[in-house]
file coords-v5.cif (mmCIF, C-alpha atoms)
data_upload
#
loop_
_atom_site.label_atom_id
_atom_site.label_comp_id
_atom_site.auth_asym_id
_atom_site.auth_seq_id
_atom_site.Cartn_x
_atom_site.Cartn_y
_atom_site.Cartn_z
CA MET A 182 -46.01 -13.39 2.45
CA ASN A 183 -43.37 -11.73 0.22
CA HIS A 184 -41.28 -14.04 -1.91
CA LEU A 185 -37.52 -13.98 -1.63
CA THR A 186 -35.64 -12.04 -4.26
CA GLU A 187 -32.92 -13.56 -6.40
CA GLU A 188 -30.38 -11.41 -4.58
CA GLN A 189 -31.52 -12.73 -1.20
CA LEU A 190 -31.26 -16.29 -2.50
CA ILE A 191 -27.74 -15.70 -3.85
CA VAL A 192 -26.63 -14.19 -0.57
CA HIS A 193 -28.19 -17.16 1.25
CA TYR A 194 -26.40 -19.61 -1.05
CA TYR A 195 -23.07 -18.06 -0.14
CA GLU A 196 -24.02 -18.20 3.53
CA GLU A 197 -23.85 -14.47 4.02
CA SER A 198 -27.49 -13.77 4.69
CA PRO A 199 -28.00 -11.53 7.72
CA GLN A 200 -31.07 -13.63 8.64
CA PRO A 201 -30.30 -17.21 7.59
CA ALA A 202 -32.90 -18.73 9.91
CA ARG A 203 -35.67 -16.56 8.49
CA ILE A 204 -34.67 -17.40 4.90
CA ALA A 205 -34.49 -21.12 5.71
CA HIS A 206 -37.89 -20.97 7.36
CA HIS A 207 -39.34 -19.20 4.34
CA LEU A 208 -37.87 -21.81 2.00
CA ARG A 209 -39.55 -24.54 4.04
CA GLU A 210 -42.89 -22.78 3.91
CA CYS A 211 -42.89 -21.46 0.32
CA ASN A 212 -42.75 -24.02 -2.47
CA GLY A 213 -42.20 -21.39 -5.18
CA CYS A 214 -39.15 -19.92 -3.49
CA ALA A 215 -37.88 -23.41 -2.59
CA GLU A 216 -38.02 -24.41 -6.25
CA THR A 217 -36.28 -21.23 -7.38
CA TYR A 218 -33.61 -21.74 -4.77
CA ALA A 219 -33.09 -25.39 -5.70
CA GLU A 220 -32.61 -24.31 -9.30
CA LEU A 221 -30.14 -21.60 -8.35
CA ARG A 222 -28.21 -23.96 -6.10
CA SER A 223 -28.05 -26.59 -8.79
CA GLU A 224 -26.72 -24.10 -11.34
CA LEU A 225 -24.14 -22.59 -9.04
CA ASP A 226 -23.04 -26.02 -7.81
CA ALA A 227 -22.42 -26.94 -11.42
CA ILE A 228 -19.90 -24.13 -11.83
CA GLU A 229 -16.78 -25.82 -10.59
CA PRO A 230 -13.66 -23.90 -9.63
CA ILE A 231 -11.46 -23.27 -12.64
CA ALA A 232 -8.56 -25.69 -12.45
CA ALA A 233 -5.29 -23.88 -12.99
CA PRO A 234 -2.64 -25.66 -15.07
CA ALA A 235 -0.21 -27.53 -12.86
CA ARG A 236 3.08 -25.84 -11.97
CA ASP A 237 6.11 -27.87 -11.08
CA ALA A 238 7.90 -27.69 -7.75
CA GLY A 239 10.47 -25.27 -9.13
CA HIS A 240 7.89 -22.70 -10.18
CA GLY A 241 8.56 -20.35 -7.27
CA GLU A 242 12.30 -20.49 -7.91
CA GLN A 243 11.70 -19.63 -11.57
CA VAL A 244 9.54 -16.66 -10.61
CA TRP A 245 12.18 -15.41 -8.18
CA ARG A 246 14.95 -15.79 -10.76
CA SER A 247 12.90 -13.78 -13.24
CA ILE A 248 12.51 -10.80 -10.90
CA ARG A 249 15.56 -10.89 -8.63
CA ASN A 250 17.68 -8.77 -10.96
CA LEU A 251 14.94 -6.17 -11.18
CA VAL A 252 14.77 -5.40 -7.49
CA PRO A 253 17.26 -3.30 -5.52
CA ILE A 254 18.80 -4.23 -2.19
CA TYR A 255 17.12 -2.50 0.71
CA GLN A 256 19.40 -0.44 2.87
CA LEU A 257 18.69 1.19 6.19
CA LYS A 258 20.06 4.42 4.76
CA GLN A 259 17.48 4.25 1.99
CA GLN A 260 14.76 3.89 4.59
CA ARG A 261 15.90 6.93 6.43
CA LEU A 262 16.20 9.02 3.31
CA SER A 263 12.73 8.03 2.23
CA GLN A 264 11.39 8.82 5.66
CA ARG A 265 13.13 12.15 5.56
CA PHE A 266 11.51 12.83 2.25
CA SER A 267 8.13 11.73 3.52
CA SER A 268 8.52 14.06 6.47
CA LEU A 269 8.51 16.93 3.98
CA LYS A 270 4.90 16.07 3.31
CA GLY A 271 4.15 16.54 6.97
CA LEU A 272 5.42 20.07 7.10
CA SER A 273 2.87 22.40 8.57
CA PHE A 274 1.81 25.40 6.53
CA ALA A 275 3.55 27.78 8.89
CA THR A 276 6.79 25.87 8.70
CA ALA A 277 6.52 25.68 4.95
CA CYS A 278 6.06 29.46 4.76
CA SER A 279 9.01 30.03 7.08
CA LEU A 280 11.13 27.70 5.03
CA PHE A 281 10.07 29.38 1.83
CA ILE A 282 11.06 32.80 3.16
CA ALA A 283 14.37 31.51 4.47
CA VAL A 284 15.23 29.65 1.29
CA ALA A 285 14.20 32.59 -0.87
CA PHE A 286 16.47 34.94 1.06
CA LEU A 287 19.29 32.44 1.13
CA ALA A 288 18.99 31.94 -2.60
CA GLY A 289 18.81 35.67 -3.19
CA ARG A 290 21.83 36.21 -1.02
CA GLN A 291 23.78 33.54 -2.83
CA TRP A 292 22.92 35.19 -6.13
CA GLU A 293 24.12 38.55 -4.83
CA ASN A 294 27.34 36.98 -3.60
CA TYR A 295 27.84 35.48 -7.01
CA GLN A 296 27.27 38.80 -8.77
CA ARG A 297 29.20 41.12 -6.46
CA PRO A 298 32.89 41.20 -5.53
CA PRO A 299 33.42 40.06 -1.90
CA GLN A 300 34.55 43.49 -0.69
CA ASN A 301 31.14 44.98 -1.46
CA GLN A 302 29.13 42.49 0.53
CA ALA A 303 29.09 44.31 3.84
CA VAL A 304 27.92 47.49 2.20
CA ALA A 305 25.20 45.84 0.22
CA ASP A 306 23.67 43.71 2.96
CA ASN A 307 20.10 44.52 3.71
CA PRO A 308 19.38 44.66 7.45
CA THR A 309 15.70 43.89 6.91
CA ARG A 310 16.48 40.62 5.17
CA GLN A 311 18.97 39.73 7.84
CA ALA A 312 16.39 40.37 10.52
CA ILE A 313 13.86 38.07 8.83
CA VAL A 314 16.36 35.25 8.51
CA LEU A 315 17.31 35.69 12.12
CA VAL A 316 13.66 35.46 13.15
CA VAL A 317 13.17 32.28 11.12
CA LEU A 318 16.36 30.73 12.44
CA GLY A 319 15.48 31.80 15.96
CA ASP A 320 12.05 30.24 15.58
CA HIS A 321 13.60 26.98 14.41
CA LEU A 322 16.01 26.87 17.32
CA GLY A 323 13.20 27.78 19.73
CA ARG A 324 11.04 24.97 18.44
CA SER A 325 14.00 22.61 18.60
CA GLU A 326 14.60 23.60 22.19
CA ARG A 327 10.96 22.97 23.10
CA PHE A 328 11.13 19.64 21.28
CA LEU A 329 14.19 18.56 23.26
CA VAL A 330 12.55 19.63 26.50
CA ALA A 331 9.42 17.64 25.58
CA LEU A 332 11.61 14.65 24.79
CA ARG A 333 13.43 15.04 28.08
CA HIS A 334 10.12 14.86 29.91
CA GLY A 335 8.64 12.34 27.50
CA ASP A 336 7.29 10.13 30.25
CA ALA A 337 5.55 13.03 31.94
CA GLY A 338 2.45 13.43 29.83
CA GLU A 339 3.54 14.80 26.45
CA SER A 340 1.86 12.81 23.68
CA THR A 341 4.30 10.51 21.89
CA ALA A 342 2.56 11.12 18.59
CA LEU A 343 2.95 14.89 19.01
CA VAL A 344 6.65 14.60 19.82
CA LYS A 345 7.16 12.35 16.81
CA ALA A 346 5.18 14.67 14.53
CA GLU A 347 7.22 17.64 15.74
CA ALA A 348 10.44 15.74 15.01
CA GLN A 349 9.25 15.03 11.47
CA ASP A 350 8.25 18.64 11.06
CA LEU A 351 11.60 20.01 12.22
CA LEU A 352 13.68 17.53 10.28
CA SER A 353 13.52 19.07 6.81
CA ALA A 354 14.05 22.62 8.03
CA ASN A 355 17.00 21.52 10.11
CA ARG A 356 18.56 19.81 7.13
CA LEU A 357 18.38 23.01 5.09
CA TYR A 358 19.96 25.07 7.87
CA ARG A 359 22.69 22.48 8.35
CA GLU A 360 23.55 22.46 4.66
CA SER A 361 23.56 26.24 4.63
CA ALA A 362 25.89 26.31 7.64
CA ILE A 363 28.28 23.90 5.90
CA LYS A 364 28.32 26.06 2.78
CA SER A 365 29.01 29.19 4.80
CA GLY A 366 31.99 27.53 6.46
CA ASP A 367 30.73 27.37 10.04
CA PRO A 368 31.61 23.82 11.14
CA ALA A 369 30.66 24.37 14.78
CA PHE A 370 27.13 25.44 13.95
CA ALA A 371 26.84 22.74 11.29
CA ALA A 372 27.98 20.10 13.78
CA ALA A 373 25.40 21.21 16.33
CA LEU A 374 22.64 21.03 13.73
CA ASP A 375 23.94 17.64 12.62
CA ARG A 376 23.64 16.30 16.18
CA LEU A 377 20.14 17.75 16.37
CA GLU A 378 19.26 16.11 13.06
CA HIS A 379 20.43 12.74 14.36
CA VAL A 380 18.03 13.02 17.30
CA LEU A 381 15.20 14.19 15.03
CA VAL A 382 15.72 11.25 12.67
CA GLU A 383 15.72 8.74 15.51
CA VAL A 384 12.54 10.12 17.05
CA ALA A 385 10.79 10.55 13.69
CA ASN A 386 11.53 6.91 12.87
CA GLU A 387 10.08 5.55 16.08
CA PRO A 388 6.93 3.46 15.57
CA ASP A 389 3.59 5.24 15.89
CA ASP A 390 2.72 3.30 19.01
CA ALA A 391 6.00 4.02 20.81
CA SER A 392 5.41 4.58 24.48
CA PRO A 393 6.47 7.77 26.29
CA ALA A 394 8.83 5.56 28.27
CA ARG A 395 10.49 4.52 25.02
CA LEU A 396 11.06 8.17 24.13
CA ALA A 397 12.54 8.79 27.53
CA GLU A 398 14.83 5.82 27.00
CA LEU A 399 15.82 7.16 23.60
CA GLN A 400 16.53 10.53 25.12
CA LYS A 401 18.94 8.89 27.57
CA GLU A 402 20.58 6.87 24.82
CA LEU A 403 21.14 9.93 22.68
CA ASN A 404 22.19 12.05 25.66
CA THR A 405 20.17 15.02 24.45
CA ASP A 406 20.89 17.11 27.55
CA GLY A 407 24.15 18.33 26.05
CA LEU A 408 22.42 19.07 22.80
CA LEU A 409 19.71 21.01 24.58
CA PHE A 410 22.37 23.20 26.13
CA GLU A 411 23.99 23.77 22.73
CA VAL A 412 20.67 24.74 21.14
CA ARG A 413 19.99 27.17 23.98
CA VAL A 414 23.39 28.81 23.47
CA LEU A 415 22.83 29.05 19.72
CA ARG A 416 19.41 30.54 20.22
CA SER A 417 20.76 33.12 22.64
CA HIS A 418 23.36 34.10 20.04
CA VAL A 419 20.65 34.51 17.46
CA GLN A 420 18.64 36.64 19.87
CA ASP A 421 21.72 38.76 20.52
CA GLU A 422 22.20 39.31 16.85
CA GLN A 423 18.56 40.15 16.44
CA GLY A 424 19.00 42.76 19.14
CA GLU A 425 22.03 44.26 17.54
CA GLN A 426 20.58 44.46 14.00
CA GLN A 427 23.72 45.97 12.57
CA PRO A 428 23.55 46.61 8.84
CA ALA A 429 27.21 45.77 8.42
CA ALA A 430 26.84 42.19 9.61
CA VAL A 431 27.53 39.73 6.87
CA ARG A 432 26.84 36.29 8.25
CA THR A 433 24.90 34.96 11.17
CA LEU A 434 25.79 31.76 12.95
CA GLY A 435 26.95 30.11 9.81
CA VAL A 436 23.74 30.68 7.89
CA LEU A 437 24.32 32.66 4.74
CA ILE A 438 22.12 35.72 4.50
CA MET B 198 4.68 -19.42 9.97
CA GLU B 199 3.58 -15.78 10.25
CA GLU B 200 6.35 -14.95 12.69
CA ASN B 201 8.78 -16.63 10.36
CA GLU B 202 7.51 -14.56 7.44
CA HIS B 203 7.81 -11.37 9.44
CA SER B 204 11.42 -12.20 10.25
CA ILE B 205 12.04 -12.87 6.54
CA ILE B 206 10.57 -9.47 5.70
CA ARG B 207 12.75 -7.80 8.31
CA ALA B 208 15.77 -9.55 6.78
CA VAL B 209 14.83 -8.30 3.31
CA LEU B 210 14.40 -4.75 4.56
CA SER B 211 17.78 -4.99 6.28
CA GLY B 212 19.48 -5.70 2.98
CA ASN B 213 19.12 -9.46 2.51
CA LYS B 214 17.47 -9.41 -0.89
CA GLU B 215 17.74 -13.18 -1.39
CA ALA B 216 15.47 -13.82 1.60
CA TYR B 217 12.53 -12.61 -0.47
CA GLY B 218 12.98 -15.67 -2.67
CA ALA B 219 11.64 -17.83 0.16
CA LEU B 220 8.40 -15.84 0.18
CA VAL B 221 8.08 -16.14 -3.59
CA VAL B 222 8.61 -19.90 -3.46
CA ARG B 223 6.09 -20.27 -0.62
CA HIS B 224 3.25 -18.33 -2.25
CA SER B 225 3.79 -18.58 -6.00
CA HIS B 226 1.41 -21.52 -6.53
CA ALA B 227 -1.51 -19.87 -4.75
CA ILE B 228 -0.88 -16.61 -6.57
CA PHE B 229 -0.69 -18.37 -9.92
CA ARG B 230 -3.96 -20.20 -9.21
CA VAL B 231 -5.97 -17.07 -8.47
CA ALA B 232 -4.28 -15.18 -11.31
CA PHE B 233 -5.23 -17.90 -13.76
CA ARG B 234 -8.80 -18.03 -12.50
CA ILE B 235 -9.17 -14.30 -13.06
CA THR B 236 -7.28 -13.91 -16.32
CA GLY B 237 -8.20 -17.28 -17.82
CA ASP B 238 -4.86 -17.32 -19.60
CA GLU B 239 -1.73 -19.18 -18.57
CA ALA B 240 0.78 -16.67 -19.95
CA ASP B 241 -1.12 -13.73 -18.45
CA ALA B 242 -1.29 -15.54 -15.12
CA GLU B 243 2.50 -16.00 -15.16
CA ASP B 244 2.93 -12.30 -15.89
CA VAL B 245 0.63 -11.47 -13.00
CA VAL B 246 2.64 -13.66 -10.63
CA GLN B 247 5.87 -11.89 -11.57
CA GLU B 248 4.31 -8.44 -11.41
CA ALA B 249 2.68 -9.13 -8.05
CA PHE B 250 5.91 -10.28 -6.41
CA LEU B 251 7.80 -7.40 -7.99
CA ILE B 252 5.32 -4.86 -6.64
CA GLY B 253 5.32 -6.71 -3.33
CA TYR B 254 9.09 -6.28 -3.07
CA GLN B 255 8.95 -2.63 -4.02
CA LYS B 256 6.22 -1.91 -1.48
CA LEU B 257 7.60 -4.12 1.26
CA GLN B 258 8.34 -1.12 3.45
CA SER B 259 4.64 -0.31 3.54
CA PHE B 260 3.74 -3.85 4.64
CA GLU B 261 2.25 -3.67 8.10
CA SER B 262 3.61 -6.20 10.52
CA ARG B 263 0.12 -6.90 11.85
CA ALA B 264 -1.01 -8.19 8.48
CA LYS B 265 -0.40 -11.60 6.94
CA PHE B 266 1.98 -11.55 4.01
CA SER B 267 -0.14 -14.14 2.17
CA THR B 268 -3.22 -11.90 2.33
CA TRP B 269 -1.23 -8.84 1.37
CA ILE B 270 0.45 -10.38 -1.69
CA TYR B 271 -2.82 -12.09 -2.65
CA ARG B 272 -4.56 -8.72 -2.82
CA ILE B 273 -1.76 -7.25 -4.89
CA ALA B 274 -2.00 -10.21 -7.27
CA VAL B 275 -5.78 -9.95 -7.62
CA ASN B 276 -5.47 -6.29 -8.55
CA CYS B 277 -2.68 -7.03 -11.03
CA ALA B 278 -4.88 -9.74 -12.58
CA LEU B 279 -7.85 -7.38 -12.68
CA ASN B 280 -5.74 -4.73 -14.43
CA MET B 281 -4.49 -7.35 -16.86
CA LYS B 282 -8.04 -8.46 -17.54
CA ASN B 283 -9.15 -4.89 -18.12
CA LYS B 284 -6.44 -4.48 -20.75
CA ARG B 285 -7.45 -7.61 -22.65
CA LYS B 286 -10.40 -7.89 -25.00
CA PRO B 287 -12.69 -10.94 -24.69
CA GLU B 288 -11.05 -14.04 -26.08
CA ALA B 289 -12.23 -15.18 -29.49
CA ALA B 290 -11.31 -18.74 -28.59
CA TYR B 291 -14.43 -19.04 -26.49
CA GLU B 292 -16.84 -18.02 -29.23
CA ILE B 293 -17.87 -21.64 -29.40
CA ALA B 294 -20.35 -20.82 -26.62
CA ASP B 295 -22.16 -18.37 -28.84
CA ASP B 296 -22.68 -21.00 -31.50
CA ALA B 297 -24.26 -23.47 -29.14
CA ASP B 298 -27.92 -24.18 -29.75
CA ALA B 299 -29.87 -24.27 -26.53
CA SER B 300 -31.99 -27.25 -27.58
CA GLN B 301 -28.91 -29.34 -28.36
CA HIS B 302 -27.59 -28.91 -24.84
CA ARG B 303 -30.75 -29.89 -23.04
CA THR B 304 -30.03 -33.37 -21.96
CA GLN B 305 -29.92 -35.76 -19.03
CA VAL B 306 -26.79 -37.66 -18.24
CA ALA B 307 -27.09 -40.65 -15.94
CA ASP B 308 -24.12 -42.63 -17.12
CA THR B 309 -20.92 -41.49 -15.49
CA ALA B 310 -18.59 -43.58 -17.63
CA PRO B 311 -16.19 -41.41 -19.65
CA ASN B 312 -17.24 -42.60 -23.09
CA PRO B 313 -16.26 -40.44 -26.11
CA GLU B 314 -19.72 -38.91 -26.32
CA ARG B 315 -19.63 -37.92 -22.70
CA LEU B 316 -16.11 -36.52 -22.99
CA LEU B 317 -17.23 -34.42 -25.92
CA LEU B 318 -20.20 -33.18 -23.94
CA SER B 319 -18.00 -32.46 -20.98
CA ARG B 320 -15.71 -30.36 -23.19
CA GLU B 321 -18.68 -28.49 -24.55
CA ILE B 322 -19.95 -27.78 -21.06
CA GLU B 323 -16.51 -26.62 -20.06
CA ALA B 324 -16.33 -24.37 -23.11
CA LEU B 325 -19.77 -22.98 -22.35
CA HIS B 326 -18.71 -22.23 -18.77
CA ALA B 327 -15.51 -20.59 -19.97
CA GLY B 328 -17.39 -18.57 -22.56
CA ALA B 329 -19.91 -17.38 -20.00
CA MET B 330 -17.11 -16.38 -17.65
CA GLN B 331 -15.37 -14.47 -20.43
CA LYS B 332 -18.50 -12.44 -21.06
CA LEU B 333 -18.41 -11.01 -17.55
CA THR B 334 -16.73 -7.68 -16.97
CA ALA B 335 -13.32 -7.83 -15.34
CA THR B 336 -14.70 -6.72 -11.99
CA GLU B 337 -17.65 -9.12 -12.13
CA ARG B 338 -15.41 -12.02 -13.06
CA THR B 339 -12.91 -11.18 -10.34
CA ALA B 340 -15.60 -10.75 -7.71
CA PHE B 341 -17.25 -14.02 -8.76
CA VAL B 342 -13.96 -15.93 -8.77
CA LEU B 343 -13.13 -14.62 -5.32
CA ARG B 344 -16.62 -15.43 -3.99
CA HIS B 345 -17.37 -18.71 -5.71
CA MET B 346 -13.96 -20.29 -6.18
CA GLU B 347 -11.71 -18.69 -3.58
CA ALA B 348 -14.38 -18.65 -0.85
CA CYS B 349 -13.73 -15.01 0.05
CA THR B 350 -16.41 -13.15 1.96
CA THR B 351 -18.02 -10.01 0.57
CA ASP B 352 -15.97 -7.89 2.96
CA GLU B 353 -12.75 -9.58 1.86
CA ILE B 354 -13.65 -9.02 -1.79
CA ALA B 355 -14.40 -5.37 -1.08
CA ALA B 356 -11.09 -4.93 0.74
CA THR B 357 -9.17 -6.66 -2.02
CA LEU B 358 -10.75 -4.69 -4.84
CA ARG B 359 -10.86 -1.50 -2.77
CA ILE B 360 -14.57 -1.02 -3.33
CA ALA B 361 -17.53 -0.71 -0.98
CA PRO B 362 -18.96 -3.98 0.37
CA ASN B 363 -22.26 -3.25 -1.34
CA ALA B 364 -20.50 -2.75 -4.66
CA ALA B 365 -18.71 -6.07 -4.17
CA LYS B 366 -22.03 -7.78 -3.41
CA GLN B 367 -23.62 -6.25 -6.48
CA ALA B 368 -20.70 -7.36 -8.66
CA VAL B 369 -21.16 -10.97 -7.50
CA PHE B 370 -24.91 -10.67 -7.97
CA ARG B 371 -24.58 -9.37 -11.53
CA ALA B 372 -22.06 -12.10 -12.33
CA VAL B 373 -24.40 -14.83 -11.08
CA GLN B 374 -27.31 -13.40 -13.05
CA LYS B 375 -25.29 -13.27 -16.27
CA LEU B 376 -23.86 -16.75 -15.76
CA ARG B 377 -27.30 -18.21 -15.12
CA ARG B 378 -28.59 -16.59 -18.26
CA ASP B 379 -25.68 -17.78 -20.39
CA LEU B 380 -25.68 -21.27 -18.93
CA ALA B 381 -29.43 -21.73 -19.29
CA PRO B 382 -28.89 -24.07 -22.29
CA LEU B 383 -27.33 -26.55 -19.88
CA LYS B 384 -30.51 -26.86 -17.84
CA VAL B 385 -31.64 -30.42 -17.55
CA ASN B 386 -35.11 -31.14 -18.85
CA ALA B 387 -37.39 -32.11 -16.06
#
call {"tool": "encode", "arguments": {"input": "coords-v5.cif", "output": "structure tokens"}}
result
Amino acid sequence: MNHLTEEQLIVHYYEESPQPARIAHHLRECNGCAETYAELRSELDAIEPIAAPARDAGHGEQVWRSIRNLVPIYQLKQQRLSQRFSSLKGLSFATACSLFIAVAFLAGRQWENYQRPPQNQAVADNPTRQAIVLVVLGDHLGRSERFLVALRHGDAGESTALVKAEAQDLLSANRLYRESAIKSGDPAFAAALDRLEHVLVEVANEPDDASPARLAELQKELNTDGLLFEVRVLRSHVQDEQGEQQPAAVRTLGVLI
Amino acid sequence: MEENEHSIIRAVLSGNKEAYGALVVRHSHAIFRVAFRITGDEADAEDVVQEAFLIGYQKLQSFESRAKFSTWIYRIAVNCALNMKNKRKPEAAYEIADDADASQHRTQVADTAPNPERLLLSREIEALHAGAMQKLTATERTAFVLRHMEACTTDEIAATLRIAPNAAKQAVFRAVQKLRRDLAPLKVNA
């Protein structure tokens, strides 16, 4: 018969042995192990819990007073901003690449605008760059359209998690396009993207376990049908511009290129 | 109670900062107790309490509504105390344990009356215990405090310290071994 190890005895003392009956039986049968265990138990029993110094009834109040000026007030806006920021982390690689290309061209374009007199812009515009931006913008609007359609039929099988993830993914890109549209002085396009962003934020902030029915309800609350129509119109304009590909074009649907 | 705490947390996250004070008041004693047991120092324990509730406030958005706030803040506090303990060197005040001669502490005490001799012995035993506890590593001490004094299970210790259950078990095991070795002078002669 194998004797019990010290580790087994310690585990047994703390009542976490996987086979307590077997250990107890062994301790009844084996005097050596019983003696060792009695010694261990006696020593551990002698270690009493450390008594913490008494705190008065106002201790909690004191603690709160000491930290209350160090903490900010939570605001719903803060939550949304942080969630928007966190959604950046969720960007897929493809979206990130698209965004990078778009931002790089937008930045390049802005730099050119800064360096050149306005009258030279039309001449200097590069049709290849314009085409790329149009493709990226068209892709964003296409994805947004599919997202709104999925939301519209949210209770018809589309995974809630997928819809939510897509909203998070689209959110950051949409924000960039909206800001770009504002800078370029296209309020109509900016307003449409702003309405889209509102829907994206609401869906992205839904709990992970939101039911498809909840998404459908949200879709009704936000009345996304009108928005879907707007996005379709915008996308068709982008497609038209892609088709035209005129080198002289300066701006496209409010997005600086 | 839990539902009430969840509504308090919702209030805090909605902008009612003062509501958090109720949570601090409700849990500060328990947090101080475990902080003191781990750090062994009153001032450090007070610092841990403040730090734990501060971190708790800052991370309140990540608090999952399925969890219990008491468990959540307790775990934060244990980790704060562990970090504090890691920063501190062993206390010189407990060196008295090293001076103790094993033969002098081998005794039998039948009389429970608190006479001066017994009080002195009791203080020596207490000092020996404290000294033995101070010799443990921060993780061993924390694991032992949680297991022996806070009645946490191995899984709870592992979750709190963010280590594997087997590592938590081994930490308790090592702590018990070291304590038994250091407290051997207290063994009663048969």
call {"tool": "closest_residue", "arguments": {"input": "coords-v5.cif", "among": "A:Glu224, A:Asp320, A:Ser417, A:Ala391", "to": "Pro382 in chain B", "atoms": "all atoms listed in the file"}}
result
A:Glu224
call {"tool": "residues_around", "arguments": {"input": "coords-v5.cif", "residues": "Gln247 in chain B", "least_positions_apart": "3", "cutoff": "7 Å", "atoms": "only C-alpha atoms", "output": "JSON, numbers by chain"}}
result
{"A": [244, 248], "B": [243, 244, 250, 251]}
call {"tool": "closest_residue", "arguments": {"input": "coords-v5.cif", "among": "A:His206, A:Phe370, A:Arg246, A:Leu185", "to": "chain B", "atoms": "only C-alpha atoms"}}
result
A:Arg246
call {"tool": "residues_around", "arguments": {"input": "coords-v5.cif", "residues": "range 373-384 of chain A", "least_positions_apart": "3", "cutoff": "8 Å", "atoms": "all atoms listed in the file", "output": "NGL selection string"}}
result
:A and (261 or 265 or 344-345 or 348-349 or 351-352 or 355-356 or 358-359 or 369-370 or 387 or 396 or 399 or 403 or 405 or 408 or 411-412)
call {"tool": "write_last_selection", "arguments": {"input": "coords-v5.cif", "atoms": "C-alpha atoms", "output": "PDB file, keeping the file's coordinate frame"}}
result
ATOM      1  CA  ARG A 261      15.900   6.930   6.430  1.00  0.00           C
ATOM      2  CA  ARG A 265      13.130  12.150   5.560  1.00  0.00           C
ATOM      3  CA  VAL A 344       6.650  14.600  19.820  1.00  0.00           C
ATOM      4  CA  LYS A 345       7.160  12.350  16.810  1.00  0.00           C
ATOM      5  CA  ALA A 348      10.440  15.740  15.010  1.00  0.00           C
ATOM      6  CA  GLN A 349       9.250  15.030  11.470  1.00  0.00           C
ATOM      7  CA  LEU A 351      11.600  20.010  12.220  1.00  0.00           C
ATOM      8  CA  LEU A 352      13.680  17.530  10.280  1.00  0.00           C
ATOM      9  CA  ASN A 355      17.000  21.520  10.110  1.00  0.00           C
ATOM     10  CA  ARG A 356      18.560  19.810   7.130  1.00  0.00           C
ATOM     11  CA  TYR A 358      19.960  25.070   7.870  1.00  0.00           C
ATOM     12  CA  ARG A 359      22.690  22.480   8.350  1.00  0.00           C
ATOM     13  CA  ALA A 369      30.660  24.370  14.780  1.00  0.00           C
ATOM     14  CA  PHE A 370      27.130  25.440  13.950  1.00  0.00           C
ATOM     15  CA  GLU A 387      10.080   5.550  16.080  1.00  0.00           C
ATOM     16  CA  LEU A 396      11.060   8.170  24.130  1.00  0.00           C
ATOM     17  CA  LEU A 399      15.820   7.160  23.600  1.00  0.00           C
ATOM     18  CA  LEU A 403      21.140   9.930  22.680  1.00  0.00           C
ATOM     19  CA  THR A 405      20.170  15.020  24.450  1.00  0.00           C
ATOM     20  CA  LEU A 408      22.420  19.070  22.800  1.00  0.00           C
ATOM     21  CA  GLU A 411      23.990  23.770  22.730  1.00  0.00           C
ATOM     22  CA  VAL A 412      20.670  24.740  21.140  1.00  0.00           C
TER      23      VAL A 412
END
call {"tool": "resolve_selection", "arguments": {"input": "coords-v5.cif", "expression": "the PyMOL selection byres ((chain A) within 8 of (chain B))", "output": "VMD selection string"}}
result
chain A and resid 188 191 195 197 224 228 to 234 236 240 to 242 244 to 245 247 to 249 251 to 257
call {"tool": "write_last_selection", "arguments": {"input": "coords-v5.cif", "atoms": "C-alpha atoms", "output": "CSV table (one decimal), keeping the file's coordinate frame"}}
result
chain,number,residue,atom,x,y,z
A,188,GLU,CA,-30.4,-11.4,-4.6
A,191,ILE,CA,-27.7,-15.7,-3.8
A,195,TYR,CA,-23.1,-18.1,-0.1
A,197,GLU,CA,-23.8,-14.5,4.0
A,224,GLU,CA,-26.7,-24.1,-11.3
A,228,ILE,CA,-19.9,-24.1,-11.8
A,229,GLU,CA,-16.8,-25.8,-10.6
A,230,PRO,CA,-13.7,-23.9,-9.6
A,231,ILE,CA,-11.5,-23.3,-12.6
A,232,ALA,CA,-8.6,-25.7,-12.4
A,233,ALA,CA,-5.3,-23.9,-13.0
A,234,PRO,CA,-2.6,-25.7,-15.1
A,236,ARG,CA,3.1,-25.8,-12.0
A,240,HIS,CA,7.9,-22.7,-10.2
A,241,GLY,CA,8.6,-20.4,-7.3
A,242,GLU,CA,12.3,-20.5,-7.9
A,244,VAL,CA,9.5,-16.7,-10.6
A,245,TRP,CA,12.2,-15.4,-8.2
A,247,SER,CA,12.9,-13.8,-13.2
A,248,ILE,CA,12.5,-10.8,-10.9
A,249,ARG,CA,15.6,-10.9,-8.6
A,251,LEU,CA,14.9,-6.2,-11.2
A,252,VAL,CA,14.8,-5.4,-7.5
A,253,PRO,CA,17.3,-3.3,-5.5
A,254,ILE,CA,18.8,-4.2,-2.2
A,255,TYR,CA,17.1,-2.5,0.7
A,256,GLN,CA,19.4,-0.4,2.9
A,257,LEU,CA,18.7,1.2,6.2
call {"tool": "residues_around", "arguments": {"input": "coords-v5.cif", "residues": "Leu322 in chain A", "least_positions_apart": "2", "cutoff": "10 Å", "atoms": "all atoms listed in the file", "output": "PyMOL selection string"}}
result
chain A and resi 316-320+324-328+351+355+374+412-417+419
call {"tool": "residues_near_point", "arguments": {"input": "coords-v5.cif", "point": "(-29.1, -17.5, -2.7)", "cutoff": "12 Å", "atoms": "only C-alpha atoms", "output": "PyMOL selection string"}}
result
(chain A and resi 185-198+201+204-205+208+214-226) or (chain B and resi 369-370+373-374)
call {"tool": "atom_distance", "arguments": {"input": "coords-v5.cif", "atom1": "CA of Ser204 in chain B", "atom2": "CA of Arg263 in chain B"}}
result
12.6 Å
